[in-house]
file target-v7.pdb (PDB, C-alpha atoms)
ATOM      1  CA  MET O  24       0.000   0.000   0.000
ATOM      2  CA  GLY O  25       1.480   3.382  -1.038
ATOM      3  CA  THR O  26       2.127   6.267   1.304
ATOM      4  CA  ALA O  27       0.774   9.789   0.895
ATOM      5  CA  ALA O  28       4.181  10.839  -0.445
ATOM      6  CA  ASP O  29       4.029   8.049  -3.045
ATOM      7  CA  ASP O  30       0.607   9.293  -4.172
ATOM      8  CA  ALA O  31       1.698  12.955  -4.475
ATOM      9  CA  PRO O  32       1.531  14.444  -7.993
ATOM     10  CA  ARG O  33       4.762  14.198  -9.964
ATOM     11  CA  TYR O  34       6.072  17.201 -11.844
ATOM     12  CA  PRO O  35       8.463  17.258 -14.802
ATOM     13  CA  SER O  36      12.038  18.309 -14.073
ATOM     14  CA  THR O  37      13.972  21.142 -15.715
ATOM     15  CA  ILE O  38      17.628  22.079 -16.235
ATOM     16  CA  ALA O  39      19.791  24.469 -14.234
ATOM     17  CA  ALA O  40      21.621  26.305 -17.015
ATOM     18  CA  PRO O  41      22.076  26.444 -20.795
ATOM     19  CA  VAL O  42      24.209  23.733 -22.413
ATOM     20  CA  GLU O  43      25.670  23.629 -25.922
ATOM     21  CA  HIS O  44      26.822  20.512 -27.781
ATOM     22  CA  GLU O  45      28.020  19.717 -31.295
ATOM     23  CA  LEU O  46      27.345  16.485 -33.184
ATOM     24  CA  VAL O  47      28.882  15.712 -36.591
ATOM     25  CA  VAL O  48      27.145  13.167 -38.835
ATOM     26  CA  LYS O  49      28.528  12.552 -42.356
ATOM     27  CA  LYS O  50      30.057  16.034 -42.447
ATOM     28  CA  SER O  51      26.814  17.763 -41.358
ATOM     29  CA  ARG O  52      27.256  19.748 -38.142
ATOM     30  CA  PHE O  53      24.384  19.750 -35.641
ATOM     31  CA  LEU O  54      24.814  22.491 -33.027
ATOM     32  CA  ALA O  55      22.461  21.832 -30.130
ATOM     33  CA  LEU O  56      21.445  24.296 -27.435
ATOM     34  CA  VAL O  57      19.196  23.384 -24.505
ATOM     35  CA  HIS O  58      18.144  26.430 -22.505
ATOM     36  CA  PRO O  59      15.888  26.816 -19.427
ATOM     37  CA  VAL O  60      12.973  29.218 -19.964
ATOM     38  CA  ALA O  61      10.013  30.417 -17.947
ATOM     39  CA  SER O  62       7.576  31.019 -20.822
ATOM     40  CA  VAL O  63       6.968  30.443 -24.507
ATOM     41  CA  ALA O  64       7.865  34.098 -25.136
ATOM     42  CA  GLU O  65      11.238  33.580 -23.466
ATOM     43  CA  ALA O  66      11.788  30.460 -25.573
ATOM     44  CA  ASP O  67      11.036  32.483 -28.708
ATOM     45  CA  GLU O  68      13.690  35.011 -27.633
ATOM     46  CA  VAL O  69      16.264  32.225 -27.275
ATOM     47  CA  VAL O  70      15.442  30.927 -30.743
ATOM     48  CA  ALA O  71      15.682  34.436 -32.194
ATOM     49  CA  ARG O  72      19.155  34.898 -30.675
ATOM     50  CA  VAL O  73      20.344  31.601 -32.148
ATOM     51  CA  ARG O  74      19.015  32.558 -35.575
ATOM     52  CA  LYS O  75      20.844  35.889 -35.375
ATOM     53  CA  GLN O  76      24.126  34.405 -34.134
ATOM     54  CA  LEU O  77      24.124  31.496 -36.594
ATOM     55  CA  TRP O  78      22.541  33.390 -39.452
ATOM     56  CA  ASP O  79      24.360  31.448 -42.175
ATOM     57  CA  ALA O  80      22.885  28.054 -41.202
ATOM     58  CA  ARG O  81      20.077  26.559 -43.261
ATOM     59  CA  HIS O  82      18.002  25.003 -40.456
ATOM     60  CA  HIS O  83      17.233  25.979 -36.855
ATOM     61  CA  CYS O  84      14.932  23.229 -35.570
ATOM     62  CA  VAL O  85      13.118  23.734 -32.284
ATOM     63  CA  ALA O  86      11.317  21.833 -29.549
ATOM     64  CA  LEU O  87      10.001  23.390 -26.358
ATOM     65  CA  ALA O  88       7.990  22.416 -23.315
ATOM     66  CA  VAL O  89       6.717  24.976 -20.804
ATOM     67  CA  GLY O  90       4.447  24.873 -17.765
ATOM     68  CA  PRO O  91       4.170  22.952 -14.470
ATOM     69  CA  HIS O  92       3.076  19.823 -16.344
ATOM     70  CA  ALA O  93       4.761  20.673 -19.677
ATOM     71  CA  GLU O  94       1.293  21.520 -20.973
ATOM     72  CA  GLN O  95       2.600  23.961 -23.604
ATOM     73  CA  GLN O  96       4.612  22.101 -26.256
ATOM     74  CA  ARG O  97       5.774  23.138 -29.709
ATOM     75  CA  SER O  98       8.161  21.919 -32.370
ATOM     76  CA  THR O  99       9.309  22.992 -35.820
ATOM     77  CA  ASP O 100      11.295  21.279 -38.560
ATOM     78  CA  ASP O 101      12.363  24.632 -40.081
ATOM     79  CA  GLY O 102      12.654  23.345 -43.634
ATOM     80  CA  GLU O 103      13.733  19.780 -42.897
ATOM     81  CA  PRO O 104      11.388  17.026 -44.149
ATOM     82  CA  SER O 105       8.240  16.948 -42.037
ATOM     83  CA  GLY O 106       8.601  14.977 -38.799
ATOM     84  CA  THR O 107      12.380  14.484 -39.029
ATOM     85  CA  ALA O 108      13.605  17.167 -36.606
ATOM     86  CA  GLY O 109      11.292  19.052 -34.249
ATOM     87  CA  VAL O 110       9.056  16.118 -33.334
ATOM     88  CA  PRO O 111      11.965  13.749 -32.534
ATOM     89  CA  MET O 112      13.536  16.521 -30.449
ATOM     90  CA  LEU O 113      10.263  17.069 -28.583
ATOM     91  CA  GLU O 114       9.982  13.332 -27.993
ATOM     92  CA  VAL O 115      13.346  13.467 -26.183
ATOM     93  CA  LEU O 116      11.958  16.142 -23.833
ATOM     94  CA  ARG O 117       8.816  14.077 -23.233
ATOM     95  CA  ARG O 118      10.717  10.852 -22.641
ATOM     96  CA  ARG O 119      12.973  12.560 -20.094
ATOM     97  CA  GLU O 120       9.955  14.247 -18.454
ATOM     98  CA  LEU O 121      11.327  17.772 -18.775
ATOM     99  CA  THR O 122       9.664  21.175 -18.883
ATOM    100  CA  ASP O 123      10.486  24.883 -18.876
ATOM    101  CA  LEU O 124      13.173  24.563 -21.528
ATOM    102  CA  VAL O 125      13.730  25.005 -25.229
ATOM    103  CA  ALA O 126      15.985  22.920 -27.456
ATOM    104  CA  VAL O 127      17.388  24.419 -30.667
ATOM    105  CA  VAL O 128      19.439  22.314 -33.078
ATOM    106  CA  THR O 129      21.122  24.235 -35.878
ATOM    107  CA  ARG O 130      22.300  22.253 -38.902
ATOM    108  CA  TYR O 131      25.109  23.113 -41.271
ATOM    109  CA  PHE O 132      24.716  20.796 -44.271
ATOM    110  CA  GLY O 133      27.842  18.784 -45.067
ATOM    111  CA  GLY O 134      26.973  17.769 -48.602
ATOM    112  CA  VAL O 135      25.829  14.216 -47.839
ATOM    113  CA  LEU O 136      22.101  13.418 -47.676
ATOM    114  CA  LEU O 137      21.180  11.623 -44.458
ATOM    115  CA  GLY O 138      17.687  10.425 -45.356
ATOM    116  CA  ALA O 139      14.657  10.722 -43.099
ATOM    117  CA  GLY O 140      15.853   8.089 -40.626
ATOM    118  CA  GLY O 141      19.303   9.647 -40.441
ATOM    119  CA  LEU O 142      17.847  13.074 -39.742
ATOM    120  CA  VAL O 143      15.581  11.728 -36.990
ATOM    121  CA  ARG O 144      18.556  10.035 -35.329
ATOM    122  CA  ALA O 145      20.807  13.073 -35.698
ATOM    123  CA  TYR O 146      18.360  15.632 -34.289
ATOM    124  CA  SER O 147      17.253  13.409 -31.407
ATOM    125  CA  THR O 148      20.833  12.388 -30.587
ATOM    126  CA  ALA O 149      22.079  15.986 -30.628
ATOM    127  CA  THR O 150      19.304  16.939 -28.204
ATOM    128  CA  SER O 151      19.869  13.901 -25.964
ATOM    129  CA  GLU O 152      23.634  14.409 -25.783
ATOM    130  CA  ALA O 153      23.190  18.085 -24.893
ATOM    131  CA  LEU O 154      20.794  17.107 -22.102
ATOM    132  CA  ASP O 155      23.265  14.468 -20.889
ATOM    133  CA  ARG O 156      25.588  17.378 -20.095
ATOM    134  CA  ALA O 157      22.937  19.447 -18.278
ATOM    135  CA  ARG O 158      22.291  19.505 -14.548
ATOM    136  CA  VAL O 159      18.712  18.359 -14.010
ATOM    137  CA  LEU O 160      16.631  20.009 -11.290
ATOM    138  CA  GLY O 161      13.703  18.213  -9.697
ATOM    139  CA  ARG O 162      10.417  20.031  -9.127
ATOM    140  CA  SER O 163       7.797  19.421  -6.480
ATOM    141  CA  ALA O 164       4.737  21.027  -4.932
ATOM    142  CA  ALA O 165       4.637  22.826  -1.594
ATOM    143  CA  VAL O 166       1.847  24.643   0.211
ATOM    144  CA  ARG O 167       2.490  28.093   1.670
ATOM    145  CA  VAL O 168       1.514  27.920   5.349
ATOM    146  CA  THR O 169       1.456  30.765   7.888
ATOM    147  CA  VAL O 170       1.411  30.647  11.683
ATOM    148  CA  SER O 171       0.987  33.654  13.971
ATOM    149  CA  ALA O 172       1.954  33.844  17.636
ATOM    150  CA  PRO O 173       2.561  36.468  20.339
ATOM    151  CA  HIS O 174       6.110  37.816  20.508
ATOM    152  CA  ALA O 175       6.590  36.135  23.875
ATOM    153  CA  GLU O 176       6.205  32.723  22.202
ATOM    154  CA  ALA O 177       8.108  33.554  19.025
ATOM    155  CA  GLY O 178      11.576  32.419  20.069
ATOM    156  CA  ARG O 179      10.549  28.952  21.209
ATOM    157  CA  LEU O 180       8.143  28.461  18.301
ATOM    158  CA  HIS O 181      10.823  29.508  15.819
ATOM    159  CA  GLY O 182      13.053  26.708  17.046
ATOM    160  CA  VAL O 183      10.240  24.172  16.850
ATOM    161  CA  LEU O 184       9.374  25.168  13.280
ATOM    162  CA  VAL O 185      12.986  25.110  12.084
ATOM    163  CA  ASP O 186      13.510  21.618  13.507
ATOM    164  CA  TRP O 187      10.230  20.307  12.091
ATOM    165  CA  ALA O 188      10.935  21.756   8.640
ATOM    166  CA  ALA O 189      14.389  20.167   8.529
ATOM    167  CA  ALA O 190      12.908  16.749   9.296
ATOM    168  CA  HIS O 191      10.026  16.935   6.796
ATOM    169  CA  ASP O 192      11.504  18.382   3.578
ATOM    170  CA  ALA O 193       9.838  21.716   4.348
ATOM    171  CA  SER O 194      11.359  25.182   4.691
ATOM    172  CA  LEU O 195      10.801  28.238   6.857
ATOM    173  CA  VAL O 196      10.933  31.020   4.275
ATOM    174  CA  ASP O 197       9.965  34.143   6.207
ATOM    175  CA  VAL O 198       9.505  35.492   9.729
ATOM    176  CA  GLY O 199       7.670  38.799  10.186
ATOM    177  CA  TYR O 200       7.322  40.845  13.333
ATOM    178  CA  ALA O 201       4.421  43.293  13.543
ATOM    179  CA  ALA O 202       1.586  43.175  16.055
ATOM    180  CA  SER O 203       2.477  39.503  16.361
ATOM    181  CA  ALA O 204       5.136  37.186  14.970
ATOM    182  CA  THR O 205       4.195  35.509  11.695
ATOM    183  CA  PHE O 206       6.043  32.487  10.348
ATOM    184  CA  THR O 207       5.721  31.423   6.720
ATOM    185  CA  LEU O 208       6.674  27.912   5.653
ATOM    186  CA  LEU O 209       6.558  25.867   2.466
ATOM    187  CA  VAL O 210       5.277  22.396   3.349
ATOM    188  CA  PRO O 211       4.916  19.358   1.039
ATOM    189  CA  PRO O 212       1.208  18.485   0.676
ATOM    190  CA  ALA O 213       1.789  15.009   2.096
ATOM    191  CA  HIS O 214       3.079  16.530   5.372
ATOM    192  CA  LEU O 215       0.353  19.115   6.006
ATOM    193  CA  ASP O 216      -1.566  17.013   8.521
ATOM    194  CA  ALA O 217       1.667  16.113  10.316
ATOM    195  CA  PHE O 218       2.492  19.815  10.518
ATOM    196  CA  ASP O 219      -0.887  20.626  12.056
ATOM    197  CA  ALA O 220      -0.387  17.863  14.624
ATOM    198  CA  ALA O 221       3.129  19.024  15.497
ATOM    199  CA  LEU O 222       1.986  22.640  15.845
ATOM    200  CA  ALA O 223      -0.892  21.633  18.112
ATOM    201  CA  ALA O 224       1.454  19.556  20.275
ATOM    202  CA  ALA O 225       4.014  22.366  20.532
ATOM    203  CA  THR O 226       1.458  25.039  21.475
ATOM    204  CA  ALA O 227      -1.048  22.981  23.490
ATOM    205  CA  GLY O 228      -3.537  23.526  20.691
ATOM    206  CA  THR O 229      -3.465  27.323  20.959
ATOM    207  CA  ARG O 230      -1.928  28.041  17.518
ATOM    208  CA  HIS O 231      -3.299  27.043  14.127
ATOM    209  CA  ALA O 232      -1.828  27.158  10.643
ATOM    210  CA  THR O 233      -3.421  28.937   7.693
ATOM    211  CA  ARG O 234      -2.917  27.193   4.365
ATOM    212  CA  GLY O 235      -2.372  29.287   1.265
ATOM    213  CA  ALA O 236      -1.493  28.672  -2.355
ATOM    214  CA  THR O 237       0.333  25.649  -3.727
ATOM    215  CA  GLU O 238       3.651  26.506  -5.337
ATOM    216  CA  ILE O 239       5.975  24.529  -7.599
ATOM    217  CA  LEU O 240       9.536  24.474  -6.259
ATOM    218  CA  THR O 241      12.674  23.782  -8.260
ATOM    219  CA  ARG O 242      15.702  22.330  -6.488
TER     220      ARG O 242
END
call {"tool": "encode", "arguments": {"input": "target-v7.pdb", "output": "structure tokens"}}
result
Amino acid sequence: MGTAADDAPRYPSTIAAPVEHELVVKKSRFLALVHPVASVAEADEVVARVRKQLWDARHHCVALAVGPHAEQQRSTDDGEPSGTAGVPMLEVLRRRELTDLVAVVTRYFGGVLLGAGGLVRAYSTATSEALDRARVLGRSAAVRVTVSAPHAEAGRLHGVLVDWAAAHDASLVDVGYAASATFTLLVPPAHLDAFDAALAAATAGTRHATRGATEILTR
């Protein structure tokens, strides 16, 4: 029987930084770039920069996936035979369960025809080998939780919350002091009930947590 953590939604991963890689197949050069992005518009800017920098290349094929669940996906063959470039590149992103990135593979033709199968292998391999060199970042959900307490209790409660967060893959992200002390934590959904129980035990039931929005964290 699975645990609550096992049943938690899974989110696609992303990459930490841009990576470039070159693949040569029968004298054709395939220059691959995989680049993290936060939106389709940002991906379009990356593609535009590549086109400007490598203006003398014949093809700039693209695959992108954006969104918490990679719900926005696009690909283009940019003049290559239909289905031989962008779609195979996008399939690499899907197979690796990645999002919030764009892959651009620029081809300089080497004078030897590769055929449809050769192009599919070249574009997918160039993308895969670039991703092999990237640092992958996992992504997970966390709920923003706030707890308020009188200043007289703040010091002890701060210690309790820090210790609990460290033991439950949560984080204390902010402490505010106004009329009362307010602690803000990011708590994995599977640990919300455990947090409520720990808070009640630490405060004899006098303090309660307020749950806010769910956020997607990258780490």
call {"tool": "resolve_selection", "arguments": {"input": "target-v7.pdb", "expression": "the PyMOL selection byres ((chain O and resi 181) around 12)", "output": "PyMOL selection string"}}
result
chain O and resi 170-180+182-188+194-199+204-208+222+225-226
call {"tool": "resolve_selection", "arguments": {"input": "target-v7.pdb", "expression": "the PyMOL selection byres ((chain O and resi 162-169) around 10)", "output": "NGL selection string"}}
result
:O and (31-37 or 91 or 121-122 or 159-161 or 170-171 or 192-198 or 205-215 or 218 or 231-242)
call {"tool": "write_last_selection", "arguments": {"input": "target-v7.pdb", "atoms": "C-alpha atoms", "output": "mmCIF file, in the frame of the given file"}}
result
data_model
loop_
_atom_site.group_PDB
_atom_site.id
_atom_site.type_symbol
_atom_site.label_atom_id
_atom_site.label_comp_id
_atom_site.auth_asym_id
_atom_site.auth_seq_id
_atom_site.Cartn_x
_atom_site.Cartn_y
_atom_site.Cartn_z
ATOM 1 C CA ALA O 31 1.698 12.955 -4.475
ATOM 2 C CA PRO O 32 1.531 14.444 -7.993
ATOM 3 C CA ARG O 33 4.762 14.198 -9.964
ATOM 4 C CA TYR O 34 6.072 17.201 -11.844
ATOM 5 C CA PRO O 35 8.463 17.258 -14.802
ATOM 6 C CA SER O 36 12.038 18.309 -14.073
ATOM 7 C CA THR O 37 13.972 21.142 -15.715
ATOM 8 C CA PRO O 91 4.170 22.952 -14.470
ATOM 9 C CA LEU O 121 11.327 17.772 -18.775
ATOM 10 C CA THR O 122 9.664 21.175 -18.883
ATOM 11 C CA VAL O 159 18.712 18.359 -14.010
ATOM 12 C CA LEU O 160 16.631 20.009 -11.290
ATOM 13 C CA GLY O 161 13.703 18.213 -9.697
ATOM 14 C CA VAL O 170 1.411 30.647 11.683
ATOM 15 C CA SER O 171 0.987 33.654 13.971
ATOM 16 C CA ASP O 192 11.504 18.382 3.578
ATOM 17 C CA ALA O 193 9.838 21.716 4.348
ATOM 18 C CA SER O 194 11.359 25.182 4.691
ATOM 19 C CA LEU O 195 10.801 28.238 6.857
ATOM 20 C CA VAL O 196 10.933 31.020 4.275
ATOM 21 C CA ASP O 197 9.965 34.143 6.207
ATOM 22 C CA VAL O 198 9.505 35.492 9.729
ATOM 23 C CA THR O 205 4.195 35.509 11.695
ATOM 24 C CA PHE O 206 6.043 32.487 10.348
ATOM 25 C CA THR O 207 5.721 31.423 6.720
ATOM 26 C CA LEU O 208 6.674 27.912 5.653
ATOM 27 C CA LEU O 209 6.558 25.867 2.466
ATOM 28 C CA VAL O 210 5.277 22.396 3.349
ATOM 29 C CA PRO O 211 4.916 19.358 1.039
ATOM 30 C CA PRO O 212 1.208 18.485 0.676
ATOM 31 C CA ALA O 213 1.789 15.009 2.096
ATOM 32 C CA HIS O 214 3.079 16.530 5.372
ATOM 33 C CA LEU O 215 0.353 19.115 6.006
ATOM 34 C CA PHE O 218 2.492 19.815 10.518
ATOM 35 C CA HIS O 231 -3.299 27.043 14.127
ATOM 36 C CA ALA O 232 -1.828 27.158 10.643
ATOM 37 C CA THR O 233 -3.421 28.937 7.693
ATOM 38 C CA ARG O 234 -2.917 27.193 4.365
ATOM 39 C CA GLY O 235 -2.372 29.287 1.265
ATOM 40 C CA ALA O 236 -1.493 28.672 -2.355
ATOM 41 C CA THR O 237 0.333 25.649 -3.727
ATOM 42 C CA GLU O 238 3.651 26.506 -5.337
ATOM 43 C CA ILE O 239 5.975 24.529 -7.599
ATOM 44 C CA LEU O 240 9.536 24.474 -6.259
ATOM 45 C CA THR O 241 12.674 23.782 -8.260
ATOM 46 C CA ARG O 242 15.702 22.330 -6.488
#
call {"tool": "atom_distance", "arguments": {"input": "target-v7.pdb", "atom1": "atom CA of Asp79 of chain O", "atom2": "atom CA of Tyr146 of chain O"}}
result
18.7 Å
call {"tool": "closest_residue", "arguments": {"input": "target-v7.pdb", "among": "O:Gly228, O:His82, O:Thr107, O:His92", "to": "Gly140 of chain O", "atoms": "only C-alpha atoms"}}
result
O:Thr107
call {"tool": "closest_residue", "arguments": {"input": "target-v7.pdb", "among": "O:Arg81, O:Gly106, O:Ala190, O:Ala202", "to": "Gly133 of chain O", "atoms": "only C-alpha atoms"}}
result
O:Arg81
call {"tool": "resolve_selection", "arguments": {"input": "target-v7.pdb", "expression": "the PyMOL selection byres ((chain O and resi 52-68) around 9)", "output": "compact mmCIF listing (two decimals) with C-alpha atoms, in the frame of the given file"}}
result
# COMPACT_ATOMS: atom_id res chain seq x y z
CA THR O 37 13.97 21.14 -15.72
CA ILE O 38 17.63 22.08 -16.24
CA ALA O 39 19.79 24.47 -14.23
CA ALA O 40 21.62 26.30 -17.02
CA PRO O 41 22.08 26.44 -20.80
CA VAL O 42 24.21 23.73 -22.41
CA GLU O 43 25.67 23.63 -25.92
CA HIS O 44 26.82 20.51 -27.78
CA GLU O 45 28.02 19.72 -31.30
CA LEU O 46 27.34 16.48 -33.18
CA VAL O 47 28.88 15.71 -36.59
CA VAL O 48 27.14 13.17 -38.84
CA LYS O 49 28.53 12.55 -42.36
CA LYS O 50 30.06 16.03 -42.45
CA SER O 51 26.81 17.76 -41.36
CA VAL O 69 16.26 32.22 -27.28
CA VAL O 70 15.44 30.93 -30.74
CA ALA O 71 15.68 34.44 -32.19
CA ARG O 72 19.16 34.90 -30.68
CA VAL O 73 20.34 31.60 -32.15
CA LEU O 87 10.00 23.39 -26.36
CA ALA O 88 7.99 22.42 -23.32
CA VAL O 89 6.72 24.98 -20.80
CA GLY O 90 4.45 24.87 -17.76
CA GLN O 95 2.60 23.96 -23.60
CA GLN O 96 4.61 22.10 -26.26
CA THR O 122 9.66 21.18 -18.88
CA ASP O 123 10.49 24.88 -18.88
CA LEU O 124 13.17 24.56 -21.53
CA VAL O 125 13.73 25.00 -25.23
CA ALA O 126 15.98 22.92 -27.46
CA VAL O 127 17.39 24.42 -30.67
CA VAL O 128 19.44 22.31 -33.08
CA THR O 129 21.12 24.24 -35.88
CA ARG O 130 22.30 22.25 -38.90
CA TYR O 131 25.11 23.11 -41.27
CA PHE O 132 24.72 20.80 -44.27
CA GLY O 133 27.84 18.78 -45.07
CA ALA O 145 20.81 13.07 -35.70
CA TYR O 146 18.36 15.63 -34.29
CA ALA O 149 22.08 15.99 -30.63
CA THR O 150 19.30 16.94 -28.20
CA GLU O 152 23.63 14.41 -25.78
CA ALA O 153 23.19 18.08 -24.89
CA LEU O 154 20.79 17.11 -22.10
CA ALA O 157 22.94 19.45 -18.28
call {"tool": "atom_distance", "arguments": {"input": "target-v7.pdb", "atom1": "atom CA of Met112 of chain O", "atom2": "atom CA of Ala86 of chain O"}}
result
5.8 Å
call {"tool": "atom_distance", "arguments": {"input": "target-v7.pdb", "atom1": "atom CA of His191 of chain O", "atom2": "atom CA of Ala221 of chain O"}}
result
11.3 Å
call {"tool": "closest_residue", "arguments": {"input": "target-v7.pdb", "among": "O:Thr229, O:Gln76, O:Ser203, O:Ser151", "to": "Leu113 of chain O", "atoms": "only C-alpha atoms"}}
result
O:Ser151
call {"tool": "axis_aligned_box", "arguments": {"input": "target-v7.pdb", "around": "segment 123-133 of chain O", "padding_each_side": "8 Å", "output": "AutoDock Vina command-line options"}}
result
--center_x 19.2 --center_y 21.9 --center_z -32.0 --size_x 33.4 --size_y 22.2 --size_z 42.2
call {"tool": "build_atoms", "arguments": {"input": "target-v7.pdb", "residues": "segment 58-73 of chain O", "atoms": "N, CA, C and O atoms", "output": "compact mmCIF listing (two decimals), in the frame of the given file"}}
result
# COMPACT_ATOMS: atom_id res chain seq x y z
N HIS O 58 18.14 25.19 -23.29
CA HIS O 58 18.14 26.43 -22.50
C HIS O 58 16.91 26.47 -21.61
O HIS O 58 15.78 26.32 -22.09
N PRO O 59 17.07 26.68 -20.29
CA PRO O 59 15.89 26.82 -19.43
C PRO O 59 15.14 28.11 -19.73
O PRO O 59 15.76 29.15 -20.00
N VAL O 60 13.81 28.04 -19.72
CA VAL O 60 12.97 29.22 -19.96
C VAL O 60 11.77 29.17 -19.03
O VAL O 60 11.39 28.11 -18.54
N ALA O 61 11.18 30.34 -18.83
CA ALA O 61 10.01 30.42 -17.95
C ALA O 61 8.70 30.59 -18.71
O ALA O 61 7.63 30.52 -18.12
N SER O 62 8.79 30.79 -20.03
CA SER O 62 7.58 31.02 -20.82
C SER O 62 7.87 30.74 -22.28
O SER O 62 9.03 30.66 -22.71
N VAL O 63 6.80 30.62 -23.07
CA VAL O 63 6.97 30.44 -24.51
C VAL O 63 7.63 31.67 -25.11
O VAL O 63 8.48 31.57 -26.01
N ALA O 64 7.26 32.87 -24.62
CA ALA O 64 7.86 34.10 -25.14
C ALA O 64 9.37 34.11 -24.91
O ALA O 64 10.15 34.53 -25.78
N GLU O 65 9.81 33.64 -23.74
CA GLU O 65 11.24 33.58 -23.47
C GLU O 65 11.92 32.56 -24.38
O GLU O 65 13.04 32.78 -24.85
N ALA O 66 11.24 31.46 -24.64
CA ALA O 66 11.79 30.46 -25.57
C ALA O 66 11.95 31.07 -26.96
O ALA O 66 12.97 30.85 -27.64
N ASP O 67 10.96 31.84 -27.40
CA ASP O 67 11.04 32.48 -28.71
C ASP O 67 12.23 33.44 -28.78
O ASP O 67 12.88 33.55 -29.83
N GLU O 68 12.53 34.10 -27.67
CA GLU O 68 13.69 35.01 -27.63
C GLU O 68 14.99 34.23 -27.79
O GLU O 68 15.92 34.68 -28.47
N VAL O 69 15.07 33.06 -27.14
CA VAL O 69 16.26 32.22 -27.28
C VAL O 69 16.45 31.80 -28.72
O VAL O 69 17.56 31.87 -29.28
N VAL O 70 15.37 31.36 -29.35
CA VAL O 70 15.44 30.93 -30.74
C VAL O 70 15.87 32.09 -31.64
O VAL O 70 16.71 31.92 -32.54
N ALA O 71 15.32 33.26 -31.39
CA ALA O 71 15.68 34.44 -32.19
C ALA O 71 17.17 34.76 -32.06
O ALA O 71 17.82 35.13 -33.05
N ARG O 72 17.72 34.63 -30.87
CA ARG O 72 19.16 34.90 -30.68
C ARG O 72 20.00 33.90 -31.45
O ARG O 72 21.00 34.26 -32.07
N VAL O 73 19.59 32.62 -31.40
CA VAL O 73 20.34 31.60 -32.15
C VAL O 73 20.30 31.90 -33.64
O VAL O 73 21.33 31.82 -34.34
